[in-house]
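coords_11.pdb (PDB, C-alpha atoms, pLDDT in the B column) appears below.
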```pdb
ATOM      1  CA  MET Z  25      33.689  19.431  75.347  1.00 95.00           C
ATOM      2  CA  PHE Z  26      35.779  16.660  73.797  1.00 96.00           C
ATOM      3  CA  TYR Z  27      35.685  12.901  73.387  1.00 96.00           C
ATOM      4  CA  ILE Z  28      38.027   9.966  74.083  1.00 95.00           C
ATOM      5  CA  GLY Z  29      37.480   6.689  72.262  1.00 94.00           C
ATOM      6  CA  ASP Z  30      38.379   4.626  69.207  1.00 93.00           C
ATOM      7  CA  LEU Z  31      39.063   7.714  67.066  1.00 94.00           C
ATOM      8  CA  ASN Z  32      40.910   9.653  69.781  1.00 92.00           C
ATOM      9  CA  GLN Z  33      42.725   7.530  72.330  1.00 85.00           C
ATOM     10  CA  PHE Z  34      45.532   9.798  73.483  1.00 82.00           C
ATOM     11  CA  LYS Z  35      44.899  13.515  72.915  1.00 87.00           C
ATOM     12  CA  PRO Z  36      43.132  15.521  75.669  1.00 88.00           C
ATOM     13  CA  PHE Z  37      41.133  18.510  74.411  1.00 88.00           C
ATOM     14  CA  TYR Z  38      41.389  17.235  70.814  1.00 90.00           C
ATOM     15  CA  LYS Z  39      38.744  18.913  68.649  1.00 90.00           C
ATOM     16  CA  SER Z  40      37.228  20.614  71.700  1.00 91.00           C
ATOM     17  CA  LYS Z  41      33.866  22.191  70.937  1.00 91.00           C
ATOM     18  CA  LEU Z  42      31.923  24.925  72.690  1.00 92.00           C
ATOM     19  CA  ALA Z  43      29.305  23.574  75.077  1.00 95.00           C
ATOM     20  CA  GLY Z  44      26.938  24.962  77.680  1.00 95.00           C
ATOM     21  CA  SER Z  45      25.408  23.801  80.938  1.00 95.00           C
ATOM     22  CA  LEU Z  46      22.608  24.998  83.207  1.00 95.00           C
ATOM     23  CA  VAL Z  47      23.306  24.073  86.828  1.00 95.00           C
ATOM     24  CA  TYR Z  48      21.047  24.094  89.889  1.00 94.00           C
ATOM     25  CA  ARG Z  49      22.611  23.621  93.323  1.00 92.00           C
ATOM     26  CA  PHE Z  50      21.013  23.087  96.721  1.00 92.00           C
ATOM     27  CA  ASN Z  51      23.384  23.580  99.641  1.00 88.00           C
ATOM     28  CA  VAL Z  52      22.839  20.804 102.186  1.00 90.00           C
ATOM     29  CA  HIS Z  53      25.540  22.289 104.405  1.00 86.00           C
ATOM     30  CA  SER Z  54      28.848  24.087 103.970  1.00 85.00           C
ATOM     31  CA  ARG Z  55      30.665  20.940 102.791  1.00 91.00           C
ATOM     32  CA  MET Z  56      28.069  19.262 100.573  1.00 93.00           C
ATOM     33  CA  THR Z  57      25.794  20.447  97.765  1.00 94.00           C
ATOM     34  CA  LEU Z  58      23.185  18.698  95.666  1.00 96.00           C
ATOM     35  CA  ARG Z  59      23.902  19.427  91.994  1.00 96.00           C
ATOM     36  CA  PHE Z  60      21.668  19.012  88.944  1.00 97.00           C
ATOM     37  CA  ASN Z  61      22.693  20.047  85.442  1.00 96.00           C
ATOM     38  CA  ALA Z  62      21.535  20.005  81.842  1.00 98.00           C
ATOM     39  CA  THR Z  63      24.413  20.038  79.362  1.00 97.00           C
ATOM     40  CA  TYR Z  64      24.530  20.452  75.594  1.00 97.00           C
ATOM     41  CA  GLY Z  65      27.571  20.226  73.350  1.00 97.00           C
ATOM     42  CA  ASN Z  66      29.225  18.683  70.307  1.00 97.00           C
ATOM     43  CA  ILE Z  67      32.087  16.229  69.983  1.00 97.00           C
ATOM     44  CA  ALA Z  68      34.058  15.077  66.940  1.00 96.00           C
ATOM     45  CA  ALA Z  69      37.109  13.142  65.770  1.00 95.00           C
ATOM     46  CA  ASP Z  70      38.817  12.467  62.437  1.00 95.00           C
ATOM     47  CA  ASP Z  71      41.445   9.895  61.508  1.00 93.00           C
ATOM     48  CA  ARG Z  72      43.015  12.406  59.129  1.00 92.00           C
ATOM     49  CA  ASP Z  73      44.432  14.207  62.180  1.00 92.00           C
ATOM     50  CA  ALA Z  74      46.273  11.108  63.452  1.00 90.00           C
ATOM     51  CA  ARG Z  75      50.055  10.801  63.457  1.00 87.00           C
ATOM     52  CA  GLN Z  76      50.123   7.093  62.593  1.00 87.00           C
ATOM     53  CA  ALA Z  77      49.873   6.308  58.878  1.00 87.00           C
ATOM     54  CA  LEU Z  78      47.798   3.207  59.623  1.00 86.00           C
ATOM     55  CA  ILE Z  79      45.129   5.277  61.413  1.00 88.00           C
ATOM     56  CA  VAL Z  80      45.127   7.942  58.690  1.00 91.00           C
ATOM     57  CA  ASN Z  81      44.487   5.177  56.163  1.00 91.00           C
ATOM     58  CA  ARG Z  82      41.530   3.895  58.236  1.00 92.00           C
ATOM     59  CA  ASN Z  83      39.908   7.268  57.387  1.00 93.00           C
ATOM     60  CA  LEU Z  84      36.943   7.199  59.791  1.00 95.00           C
ATOM     61  CA  ASN Z  85      35.405  10.343  61.261  1.00 96.00           C
ATOM     62  CA  PHE Z  86      32.289  11.436  63.116  1.00 97.00           C
ATOM     63  CA  THR Z  87      30.550  14.276  64.874  1.00 97.00           C
ATOM     64  CA  SER Z  88      27.759  14.056  67.421  1.00 97.00           C
ATOM     65  CA  GLN Z  89      25.568  16.278  69.536  1.00 97.00           C
ATOM     66  CA  ILE Z  90      25.496  15.407  73.232  1.00 98.00           C
ATOM     67  CA  LYS Z  91      22.421  16.238  75.314  1.00 98.00           C
ATOM     68  CA  GLU Z  92      22.827  15.286  78.957  1.00 98.00           C
ATOM     69  CA  LEU Z  93      20.871  15.428  82.223  1.00 98.00           C
ATOM     70  CA  ALA Z  94      22.678  14.541  85.452  1.00 98.00           C
ATOM     71  CA  GLY Z  95      22.269  14.802  89.193  1.00 98.00           C
ATOM     72  CA  GLY Z  96      24.467  14.101  92.183  1.00 97.00           C
ATOM     73  CA  LEU Z  97      26.686  15.678  94.802  1.00 97.00           C
ATOM     74  CA  GLU Z  98      29.480  18.194  95.218  1.00 96.00           C
ATOM     75  CA  PHE Z  99      31.807  17.603  98.165  1.00 96.00           C
ATOM     76  CA  HIS Z 100      33.703  20.697  99.365  1.00 95.00           C
ATOM     77  CA  TYR Z 101      37.241  20.305 100.671  1.00 94.00           C
ATOM     78  CA  MET Z 102      36.745  23.439 102.807  1.00 92.00           C
ATOM     79  CA  PRO Z 103      33.560  24.977 104.263  1.00 92.00           C
ATOM     80  CA  PHE Z 104      31.896  27.370 101.797  1.00 89.00           C
ATOM     81  CA  GLN Z 105      29.293  30.103 102.273  1.00 85.00           C
ATOM     82  CA  PHE Z 106      28.132  32.949 100.055  1.00 86.00           C
ATOM     83  CA  GLY Z 107      29.418  36.296 101.339  1.00 82.00           C
ATOM     84  CA  ASN Z 108      31.308  34.828 104.295  1.00 83.00           C
ATOM     85  CA  ARG Z 109      34.915  36.028 104.141  1.00 83.00           C
ATOM     86  CA  ARG Z 110      35.990  33.198 106.396  1.00 87.00           C
ATOM     87  CA  TYR Z 111      34.620  30.590 103.969  1.00 88.00           C
ATOM     88  CA  ILE Z 112      35.097  32.450 100.700  1.00 90.00           C
ATOM     89  CA  GLY Z 113      36.330  29.630  98.489  1.00 92.00           C
ATOM     90  CA  THR Z 114      37.013  25.934  98.186  1.00 94.00           C
ATOM     91  CA  ALA Z 115      37.978  23.135  95.867  1.00 97.00           C
ATOM     92  CA  TYR Z 116      35.305  20.491  95.344  1.00 97.00           C
ATOM     93  CA  MET Z 117      34.689  17.040  93.907  1.00 98.00           C
ATOM     94  CA  ILE Z 118      31.750  16.128  91.642  1.00 98.00           C
ATOM     95  CA  THR Z 119      30.085  12.720  91.529  1.00 98.00           C
ATOM     96  CA  GLN Z 120      26.845  12.238  89.585  1.00 98.00           C
ATOM     97  CA  LEU Z 121      24.657   9.836  87.667  1.00 98.00           C
ATOM     98  CA  GLY Z 122      23.216  10.938  84.338  1.00 98.00           C
ATOM     99  CA  PHE Z 123      21.894   9.945  80.965  1.00 97.00           C
ATOM    100  CA  PHE Z 124      22.569  11.422  77.556  1.00 98.00           C
ATOM    101  CA  HIS Z 125      21.468  11.355  73.941  1.00 98.00           C
ATOM    102  CA  MET Z 126      23.987  10.930  71.129  1.00 98.00           C
ATOM    103  CA  ASN Z 127      23.641  10.756  67.356  1.00 98.00           C
ATOM    104  CA  PRO Z 128      26.922  10.063  65.521  1.00 98.00           C
ATOM    105  CA  GLU Z 129      27.034  11.481  61.987  1.00 97.00           C
ATOM    106  CA  THR Z 130      29.542  11.729  59.171  1.00 97.00           C
ATOM    107  CA  GLU Z 131      29.775  13.590  55.864  1.00 94.00           C
ATOM    108  CA  TYR Z 132      28.998  11.453  52.827  1.00 94.00           C
ATOM    109  CA  ASN Z 133      28.490  12.727  49.277  1.00 91.00           C
ATOM    110  CA  GLY Z 134      28.337  16.299  50.558  1.00 90.00           C
ATOM    111  CA  GLU Z 135      25.660  15.644  53.188  1.00 93.00           C
ATOM    112  CA  MET Z 136      25.641  14.769  56.892  1.00 95.00           C
ATOM    113  CA  VAL Z 137      24.447  11.188  57.377  1.00 96.00           C
ATOM    114  CA  ALA Z 138      23.283   9.626  60.662  1.00 96.00           C
ATOM    115  CA  LEU Z 139      25.287   6.453  61.240  1.00 96.00           C
ATOM    116  CA  GLN Z 140      23.244   4.549  63.824  1.00 96.00           C
ATOM    117  CA  SER Z 141      20.374   3.827  61.452  1.00 94.00           C
ATOM    118  CA  LEU Z 142      22.754   2.558  58.738  1.00 94.00           C
ATOM    119  CA  GLY Z 143      24.172  -0.281  60.825  1.00 94.00           C
ATOM    120  CA  THR Z 144      27.792   0.047  59.694  1.00 94.00           C
ATOM    121  CA  GLU Z 145      28.822  -2.987  61.757  1.00 93.00           C
ATOM    122  CA  GLY Z 146      25.890  -5.147  60.708  1.00 92.00           C
ATOM    123  CA  GLN Z 147      23.393  -3.974  63.319  1.00 91.00           C
ATOM    124  CA  SER Z 148      19.832  -4.750  62.300  1.00 87.00           C
ATOM    125  CA  SER Z 149      16.552  -5.176  64.140  1.00 71.00           C
ATOM    126  CA  LYS Z 150      16.052  -8.386  62.156  1.00 73.00           C
ATOM    127  CA  GLY Z 151      19.573  -9.763  62.594  1.00 74.00           C
ATOM    128  CA  ASP Z 152      21.756 -11.164  65.361  1.00 80.00           C
ATOM    129  CA  ILE Z 153      23.465  -7.807  66.066  1.00 86.00           C
ATOM    130  CA  LYS Z 154      20.894  -5.352  67.405  1.00 91.00           C
ATOM    131  CA  PRO Z 155      21.197  -1.569  66.863  1.00 93.00           C
ATOM    132  CA  TYR Z 156      22.780   0.342  69.730  1.00 95.00           C
ATOM    133  CA  SER Z 157      20.648   2.873  71.591  1.00 96.00           C
ATOM    134  CA  LYS Z 158      21.133   6.610  71.168  1.00 97.00           C
ATOM    135  CA  TYR Z 159      20.202   6.999  74.853  1.00 98.00           C
ATOM    136  CA  GLN Z 160      22.889   5.957  77.322  1.00 98.00           C
ATOM    137  CA  LEU Z 161      23.852   6.215  80.987  1.00 98.00           C
ATOM    138  CA  CYS Z 162      26.914   8.119  82.163  1.00 98.00           C
ATOM    139  CA  ILE Z 163      28.751   8.778  85.420  1.00 98.00           C
ATOM    140  CA  PRO Z 164      30.202  12.329  85.575  1.00 98.00           C
ATOM    141  CA  LEU Z 165      33.241  12.555  87.868  1.00 98.00           C
ATOM    142  CA  GLY Z 166      35.161  15.775  88.278  1.00 98.00           C
ATOM    143  CA  LEU Z 167      36.992  18.450  90.218  1.00 98.00           C
ATOM    144  CA  GLY Z 168      36.473  22.176  90.532  1.00 97.00           C
ATOM    145  CA  VAL Z 169      37.038  25.347  92.510  1.00 97.00           C
ATOM    146  CA  LYS Z 170      34.532  28.001  93.563  1.00 95.00           C
ATOM    147  CA  LEU Z 171      34.955  31.531  94.884  1.00 94.00           C
ATOM    148  CA  SER Z 172      32.282  33.638  96.566  1.00 91.00           C
ATOM    149  CA  LEU Z 173      31.796  37.045  94.918  1.00 92.00           C
ATOM    150  CA  GLY Z 174      29.344  38.296  97.541  1.00 88.00           C
ATOM    151  CA  LYS Z 175      26.159  37.251  99.297  1.00 87.00           C
ATOM    152  CA  TYR Z 176      24.401  36.161  96.105  1.00 89.00           C
ATOM    153  CA  CYS Z 177      27.017  35.165  93.546  1.00 92.00           C
ATOM    154  CA  SER Z 178      29.988  32.832  93.105  1.00 92.00           C
ATOM    155  CA  PHE Z 179      32.396  31.974  90.302  1.00 95.00           C
ATOM    156  CA  ASN Z 180      33.143  28.320  89.555  1.00 95.00           C
ATOM    157  CA  VAL Z 181      35.561  26.446  87.297  1.00 97.00           C
ATOM    158  CA  ASP Z 182      35.335  22.674  86.960  1.00 96.00           C
ATOM    159  CA  ILE Z 183      36.110  19.749  84.695  1.00 97.00           C
ATOM    160  CA  ALA Z 184      34.283  16.415  84.726  1.00 97.00           C
ATOM    161  CA  ILE Z 185      34.916  13.289  82.702  1.00 97.00           C
ATOM    162  CA  ARG Z 186      31.904  11.186  81.734  1.00 97.00           C
ATOM    163  CA  LYS Z 187      32.311   7.452  82.087  1.00 97.00           C
ATOM    164  CA  THR Z 188      29.855   5.826  79.687  1.00 98.00           C
ATOM    165  CA  PHE Z 189      28.673   2.276  79.102  1.00 97.00           C
ATOM    166  CA  THR Z 190      28.693   2.382  75.307  1.00 97.00           C
ATOM    167  CA  ASP Z 191      31.401   1.977  72.686  1.00 96.00           C
ATOM    168  CA  TYR Z 192      29.305   3.641  69.991  1.00 97.00           C
ATOM    169  CA  ILE Z 193      29.483   7.382  70.638  1.00 97.00           C
ATOM    170  CA  ASP Z 194      31.686   7.348  67.516  1.00 96.00           C
ATOM    171  CA  ASP Z 195      29.771   4.491  65.780  1.00 96.00           C
ATOM    172  CA  VAL Z 196      32.924   2.350  66.080  1.00 95.00           C
ATOM    173  CA  GLY Z 197      32.785  -0.632  68.427  1.00 91.00           C
ATOM    174  CA  SER Z 198      33.858  -3.825  66.695  1.00 90.00           C
ATOM    175  CA  ASP Z 199      37.470  -4.951  66.344  1.00 89.00           C
ATOM    176  CA  THR Z 200      36.919  -6.213  62.801  1.00 88.00           C
ATOM    177  CA  TYR Z 201      35.068  -5.245  59.639  1.00 88.00           C
ATOM    178  CA  MET Z 202      32.020  -7.233  58.651  1.00 90.00           C
ATOM    179  CA  ASP Z 203      32.241  -8.991  55.303  1.00 89.00           C
ATOM    180  CA  ALA Z 204      31.222  -6.435  52.683  1.00 89.00           C
ATOM    181  CA  ALA Z 205      28.868  -8.742  50.792  1.00 93.00           C
ATOM    182  CA  ALA Z 206      27.124  -9.861  53.980  1.00 92.00           C
ATOM    183  CA  LEU Z 207      26.805  -6.261  55.202  1.00 92.00           C
ATOM    184  CA  ALA Z 208      25.392  -5.127  51.853  1.00 93.00           C
ATOM    185  CA  ALA Z 209      22.786  -7.881  51.973  1.00 92.00           C
ATOM    186  CA  ILE Z 210      21.660  -6.773  55.439  1.00 91.00           C
ATOM    187  CA  ASN Z 211      21.941  -2.976  55.367  1.00 93.00           C
ATOM    188  CA  GLY Z 212      22.751  -1.874  51.813  1.00 93.00           C
ATOM    189  CA  ALA Z 213      25.553  -0.196  49.898  1.00 94.00           C
ATOM    190  CA  ASP Z 214      25.737   2.959  52.045  1.00 94.00           C
ATOM    191  CA  ALA Z 215      26.459   0.892  55.159  1.00 94.00           C
ATOM    192  CA  VAL Z 216      29.337  -0.803  53.328  1.00 92.00           C
ATOM    193  CA  ALA Z 217      30.738   2.497  52.057  1.00 93.00           C
ATOM    194  CA  LEU Z 218      30.725   4.067  55.530  1.00 94.00           C
ATOM    195  CA  SER Z 219      31.919   0.966  57.358  1.00 92.00           C
ATOM    196  CA  ASN Z 220      35.254   0.741  55.537  1.00 90.00           C
ATOM    197  CA  ARG Z 221      36.423   4.125  54.249  1.00 91.00           C
ATOM    198  CA  SER Z 222      40.117   3.254  54.023  1.00 89.00           C
ATOM    199  CA  LEU Z 223      42.036   5.420  51.587  1.00 86.00           C
ATOM    200  CA  ASP Z 224      43.518   2.565  49.578  1.00 78.00           C
ATOM    201  CA  GLY Z 225      40.652   0.106  50.019  1.00 70.00           C
ATOM    202  CA  SER Z 226      42.872  -2.489  51.661  1.00 67.00           C
ATOM    203  CA  PHE Z 227      43.048  -1.455  55.318  1.00 67.00           C
ATOM    204  CA  GLN Z 228      44.390  -4.353  57.388  1.00 68.00           C
ATOM    205  CA  GLY Z 229      44.166  -2.873  60.895  1.00 76.00           C
ATOM    206  CA  ARG Z 230      41.402  -3.045  63.467  1.00 84.00           C
ATOM    207  CA  ARG Z 231      38.236  -1.035  62.950  1.00 88.00           C
ATOM    208  CA  GLY Z 232      37.985  -0.275  66.680  1.00 88.00           C
ATOM    209  CA  ASN Z 233      38.709  -1.559  70.172  1.00 89.00           C
ATOM    210  CA  SER Z 234      35.837  -3.497  71.671  1.00 89.00           C
ATOM    211  CA  THR Z 235      37.490  -3.763  75.102  1.00 90.00           C
ATOM    212  CA  ASN Z 236      37.246  -0.025  75.903  1.00 91.00           C
ATOM    213  CA  LYS Z 237      34.139   2.117  76.240  1.00 95.00           C
ATOM    214  CA  ASP Z 238      33.944   5.724  75.046  1.00 96.00           C
ATOM    215  CA  TRP Z 239      34.256   8.796  77.298  1.00 96.00           C
ATOM    216  CA  TYR Z 240      33.567  12.492  76.924  1.00 97.00           C
ATOM    217  CA  VAL Z 241      34.669  15.477  78.986  1.00 97.00           C
ATOM    218  CA  TYR Z 242      33.086  18.831  79.822  1.00 96.00           C
ATOM    219  CA  ALA Z 243      35.142  21.711  81.228  1.00 95.00           C
ATOM    220  CA  GLY Z 244      34.100  25.283  81.844  1.00 93.00           C
ATOM    221  CA  GLY Z 245      33.552  28.272  84.070  1.00 94.00           C
ATOM    222  CA  MET Z 246      30.252  29.568  85.383  1.00 93.00           C
ATOM    223  CA  LEU Z 247      28.595  32.198  87.514  1.00 92.00           C
ATOM    224  CA  THR Z 248      26.232  30.828  90.152  1.00 90.00           C
ATOM    225  CA  PHE Z 249      23.532  33.039  91.667  1.00 91.00           C
ATOM    226  CA  ARG Z 250      21.909  32.421  95.017  1.00 86.00           C
ATOM    227  CA  LEU Z 251      18.107  32.317  94.923  1.00 84.00           C
ATOM    228  CA  GLY Z 252      16.176  33.840  97.818  1.00 71.00           C
ATOM    229  CA  LYS Z 253      17.365  35.647 100.923  1.00 66.00           C
ATOM    230  CA  GLY Z 254      17.341  32.850 103.484  1.00 56.00           C
ATOM    231  CA  ASN Z 255      20.113  32.151 105.937  1.00 51.00           C
ATOM    232  CA  ASN Z 256      23.248  30.375 104.830  1.00 58.00           C
ATOM    233  CA  CYS Z 257      23.444  26.621 105.261  1.00 58.00           C
ATOM    234  CA  PRO Z 258      25.085  25.384 108.488  1.00 56.00           C
ATOM    235  CA  VAL Z 259      28.862  25.342 108.661  1.00 52.00           C
ATOM    236  CA  ILE Z 260      30.586  22.000 109.155  1.00 57.00           C
ATOM    237  CA  ARG Z 261      34.278  22.432 109.841  1.00 52.00           C
TER     238      ARG Z 261
END
```
Would you mind giving the structure from this file in C-alpha cells?
Amino acid sequence: MFYIGDLNQFKPFYKSKLAGSLVYRFNVHSRMTLRFNATYGNIAADDRDARQALIVNRNLNFTSQIKELAGGLEFHYMPFQFGNRRYIGTAYMITQLGFFHMNPETEYNGEMVALQSLGTEGQSSKGDIKPYSKYQLCIPLGLGVKLSLGKYCSFNVDIAIRKTFTDYIDDVGSDTYMDAAALAAINGADAVALSNRSLDGSFQGRRGNSTNKDWYVYAGGMLTFRLGKGNNCPVIR
C-alpha cells in the first residue's frame, strides 16, 4: 500500500508498506461478481526523500494506518468458472464504494504524535476552520487477473487506486501557513512547531496543494476459496 498526495506527487510505490485484505465474493454469473473487502495497511511519506531542495527544506512527514471497508462489483473480460478448463482465467475490473479510517501521525521529540487533534492548519471546534474527520469515503477502482486452480480455489492479482474526498490523509491541505502567533493562540506551541518544520525556519514555498485530493493504492495477490459445493454460476459468453 502506498499514498499519493502533497508529500508524494510523482513516485508510484514510494514507501510501500505491507497490507492485508479479506475478500468475500459472490458470483452473480460468469462475467460479474459482487465483491466485499476489509483492508488494513499503513502509508507514509517524508520530504527528506524528495529530489527538490525546496521540498526537502519544507521537512514535513507523516505515517498513517488505513482501515477500510468497501463493496462493489468485479466485471470479468472473459467468462470465469472454478474448475472449468474452458473458462479457467480472466482479467477483471473493480469498481467499489467504501469508507476508511485514517490517523496521520509524525515523530516529535522522540514520540509519535497524532496530528489531527493538534490542528496544524488552525482547525478548531471553536474557530472558523473545523477539524477534518478521520472517517472518509473512497472509491476503489482497479484491474486484476484471476486463474482457477481447481473446483474450489483460484489465484488473483489486482491493483486498485482509492479516490478519496479529503486532502488530509497527510495532514497537509492548505496552500499557505497560518500566522504562527495566531495559530499558537488557537492551538498552542506544538501545533506551530509541527505546522512549519522547515529546516532553516524561513520556508517560502507552499505548505500543500489545496486543489488536489489525496489518493492511496493497494496492490496484492490472494488465494480465493469457493464455499459450498453448489453448481457454478451461469455462463454468459
Using only C-alpha atoms, which of Z:Arg75, Z:Lys41, Z:Arg55, Z:Arg186 sits nearest Z:Ile28?
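Among Z:Arg75, Z:Lys41, Z:Arg55, Z:Arg186, it is Z:Arg186 that comes nearest to Z:Ile28.
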Hey, what comes out of the PyMOL selection byres ((chain Z and resi 248) around 9) on this file? Could you write it as a list in words?
Val47, Tyr48, Arg49, Tyr176, Cys177, Ser178, Phe179, Asn180, Met246, Leu247, Phe249 and Arg250 of chain Z
Output file for the residues above (C-alpha atoms, as a CSV table (one decimal), in the coordinates of the input):
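result24.csv, written as the output of this step:
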```csv
chain,number,residue,atom,x,y,z
Z,47,VAL,CA,23.3,24.1,86.8
Z,48,TYR,CA,21.0,24.1,89.9
Z,49,ARG,CA,22.6,23.6,93.3
Z,176,TYR,CA,24.4,36.2,96.1
Z,177,CYS,CA,27.0,35.2,93.5
Z,178,SER,CA,30.0,32.8,93.1
Z,179,PHE,CA,32.4,32.0,90.3
Z,180,ASN,CA,33.1,28.3,89.6
Z,246,MET,CA,30.3,29.6,85.4
Z,247,LEU,CA,28.6,32.2,87.5
Z,249,PHE,CA,23.5,33.0,91.7
Z,250,ARG,CA,21.9,32.4,95.0
```
I want to know what sits within 10 Å of Z:Arg221, based on all atoms listed in the file, with residues of the same chain fewer than 3 positions away left out; could you give that as an MDAnalysis selection string?
chainID Z and resid 81:85 216:218 224:227
Mind telling me what the PyMOL selection byres ((chain Z and resi 211) around 12) catches here, as a PyMOL selection string?
chain Z and resi 139-151+153+155+202-210+212-219
Would you mind exporting the chosen residues as a PDB file, keeping the file's coordinate frame, restricted to C-alpha atoms?
```
ATOM      1  CA  LEU Z 139      25.287   6.453  61.240  1.00 96.00           C
ATOM      2  CA  GLN Z 140      23.244   4.549  63.824  1.00 96.00           C
ATOM      3  CA  SER Z 141      20.374   3.827  61.452  1.00 94.00           C
ATOM      4  CA  LEU Z 142      22.754   2.558  58.738  1.00 94.00           C
ATOM      5  CA  GLY Z 143      24.172  -0.281  60.825  1.00 94.00           C
ATOM      6  CA  THR Z 144      27.792   0.047  59.694  1.00 94.00           C
ATOM      7  CA  GLU Z 145      28.822  -2.987  61.757  1.00 93.00           C
ATOM      8  CA  GLY Z 146      25.890  -5.147  60.708  1.00 92.00           C
ATOM      9  CA  GLN Z 147      23.393  -3.974  63.319  1.00 91.00           C
ATOM     10  CA  SER Z 148      19.832  -4.750  62.300  1.00 87.00           C
ATOM     11  CA  SER Z 149      16.552  -5.176  64.140  1.00 71.00           C
ATOM     12  CA  LYS Z 150      16.052  -8.386  62.156  1.00 73.00           C
ATOM     13  CA  GLY Z 151      19.573  -9.763  62.594  1.00 74.00           C
ATOM     14  CA  ILE Z 153      23.465  -7.807  66.066  1.00 86.00           C
ATOM     15  CA  PRO Z 155      21.197  -1.569  66.863  1.00 93.00           C
ATOM     16  CA  MET Z 202      32.020  -7.233  58.651  1.00 90.00           C
ATOM     17  CA  ASP Z 203      32.241  -8.991  55.303  1.00 89.00           C
ATOM     18  CA  ALA Z 204      31.222  -6.435  52.683  1.00 89.00           C
ATOM     19  CA  ALA Z 205      28.868  -8.742  50.792  1.00 93.00           C
ATOM     20  CA  ALA Z 206      27.124  -9.861  53.980  1.00 92.00           C
ATOM     21  CA  LEU Z 207      26.805  -6.261  55.202  1.00 92.00           C
ATOM     22  CA  ALA Z 208      25.392  -5.127  51.853  1.00 93.00           C
ATOM     23  CA  ALA Z 209      22.786  -7.881  51.973  1.00 92.00           C
ATOM     24  CA  ILE Z 210      21.660  -6.773  55.439  1.00 91.00           C
ATOM     25  CA  GLY Z 212      22.751  -1.874  51.813  1.00 93.00           C
ATOM     26  CA  ALA Z 213      25.553  -0.196  49.898  1.00 94.00           C
ATOM     27  CA  ASP Z 214      25.737   2.959  52.045  1.00 94.00           C
ATOM     28  CA  ALA Z 215      26.459   0.892  55.159  1.00 94.00           C
ATOM     29  CA  VAL Z 216      29.337  -0.803  53.328  1.00 92.00           C
ATOM     30  CA  ALA Z 217      30.738   2.497  52.057  1.00 93.00           C
ATOM     31  CA  LEU Z 218      30.725   4.067  55.530  1.00 94.00           C
ATOM     32  CA  SER Z 219      31.919   0.966  57.358  1.00 92.00           C
TER      33      SER Z 219
END
```
For Z:Ser40, please output as a PyMOL selection string all residues within 12 Å (counting all atoms listed in the file; exclusion window: fewer than 2 positions along the same chain).
chain Z and resi 25-28+32+35-38+42-43+65-69+87+240-244
For this structure, which residues satisfy the selection - the PyMOL selection byres ((chain Z and resi 182) around 7) - when it is evaluated on the file as given? I want them as a list of chain:residue names.
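Expected selection for the PyMOL selection byres ((chain Z and resi 182) around 7) here is Z:Leu167, Z:Gly168, Z:Val169, Z:Asn180, Z:Val181, Z:Ile183, Z:Ala184, Z:Ala243, Z:Gly244, Z:Gly245.
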Any idea what's packed within 12 Å of Z:Phe50, counting all atoms listed in the file, ignoring anything in its chain fewer than 6 positions away? Could you give it as a list in words?
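In the requested format, the answer is Met56, Thr57, Leu58, Arg59, Phe60, Asn61, Gly95, Gly96, Leu97, Glu98, Thr248, Phe249, Arg250, Leu251, Gly252, Asn256 and Cys257 of chain Z.
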Could the centre and edge lengths of an axis-aligned box, enclosing all atoms of stretch 139-143 of chain Z in the file with 5 Å extra on each side, be given in Å to one decimal as lines of an AutoDock Vina configuration file?
```
center_x = 22.8
center_y = 3.1
center_z = 61.3
size_x = 14.9
size_y = 16.7
size_z = 15.1
```
Show me the residues around (31.0, 24.9, 103.1) - criterion: an atom at most 6 Å away, only C-alpha atoms counted - as a PyMOL selection string.
chain Z and resi 54-55+102-105+259
Would you mind exporting the chosen residues as a CSV table (one decimal), in the frame of the given file, restricted to C-alpha atoms?
```csv
chain,number,residue,atom,x,y,z
Z,54,SER,CA,28.8,24.1,104.0
Z,55,ARG,CA,30.7,20.9,102.8
Z,102,MET,CA,36.7,23.4,102.8
Z,103,PRO,CA,33.6,25.0,104.3
Z,104,PHE,CA,31.9,27.4,101.8
Z,105,GLN,CA,29.3,30.1,102.3
Z,259,VAL,CA,28.9,25.3,108.7
```
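Residue neighbourhood of Z:Arg109, excluding near-sequence residues (fewer than 6 positions): Z:Pro103, Z:Leu171, Z:Ser172, Z:Leu173, Z:Gly174, Z:Lys175, at 12 Å, using all atoms listed in the file.
The interatomic distance for the pair atom CA of Z:Tyr156 and atom CA of Z:Lys39 works out to 24.5 Å.
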Around (35.0, -0.4, 74.6) in the file's own coordinates, what residues are found within 9 Å if you use all atoms listed in the file, given back as a PDB file with C-alpha atoms, in the frame of the given file?
```
ATOM      1  CA  GLY Z  29      37.480   6.689  72.262  1.00 94.00           C
ATOM      2  CA  ASP Z  30      38.379   4.626  69.207  1.00 93.00           C
ATOM      3  CA  PHE Z 189      28.673   2.276  79.102  1.00 97.00           C
ATOM      4  CA  THR Z 190      28.693   2.382  75.307  1.00 97.00           C
ATOM      5  CA  ASP Z 191      31.401   1.977  72.686  1.00 96.00           C
ATOM      6  CA  TYR Z 192      29.305   3.641  69.991  1.00 97.00           C
ATOM      7  CA  GLY Z 197      32.785  -0.632  68.427  1.00 91.00           C
ATOM      8  CA  SER Z 198      33.858  -3.825  66.695  1.00 90.00           C
ATOM      9  CA  GLY Z 232      37.985  -0.275  66.680  1.00 88.00           C
ATOM     10  CA  ASN Z 233      38.709  -1.559  70.172  1.00 89.00           C
ATOM     11  CA  SER Z 234      35.837  -3.497  71.671  1.00 89.00           C
ATOM     12  CA  THR Z 235      37.490  -3.763  75.102  1.00 90.00           C
ATOM     13  CA  ASN Z 236      37.246  -0.025  75.903  1.00 91.00           C
ATOM     14  CA  LYS Z 237      34.139   2.117  76.240  1.00 95.00           C
ATOM     15  CA  ASP Z 238      33.944   5.724  75.046  1.00 96.00           C
TER      16      ASP Z 238
END
```
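Picture a line from atom CA of Z:Leu161 to atom CA of Z:Ser45; it runs 17.7 Å.
Interatomic distance, atom CA of Z:Phe34 to atom CA of Z:Arg231: 16.8 Å.
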Report as a list in words all protein, DNA and RNA residues lying within 10 Å of Z:His125, evaluated on all atoms listed in the file, omitting residues in the same chain fewer than 5 positions from it.
Tyr64, Ser88, Gln89, Ile90, Lys91, Glu92, Leu93, Ser157, Lys158, Tyr159, Gln160, Leu161 and Ile193 of chain Z
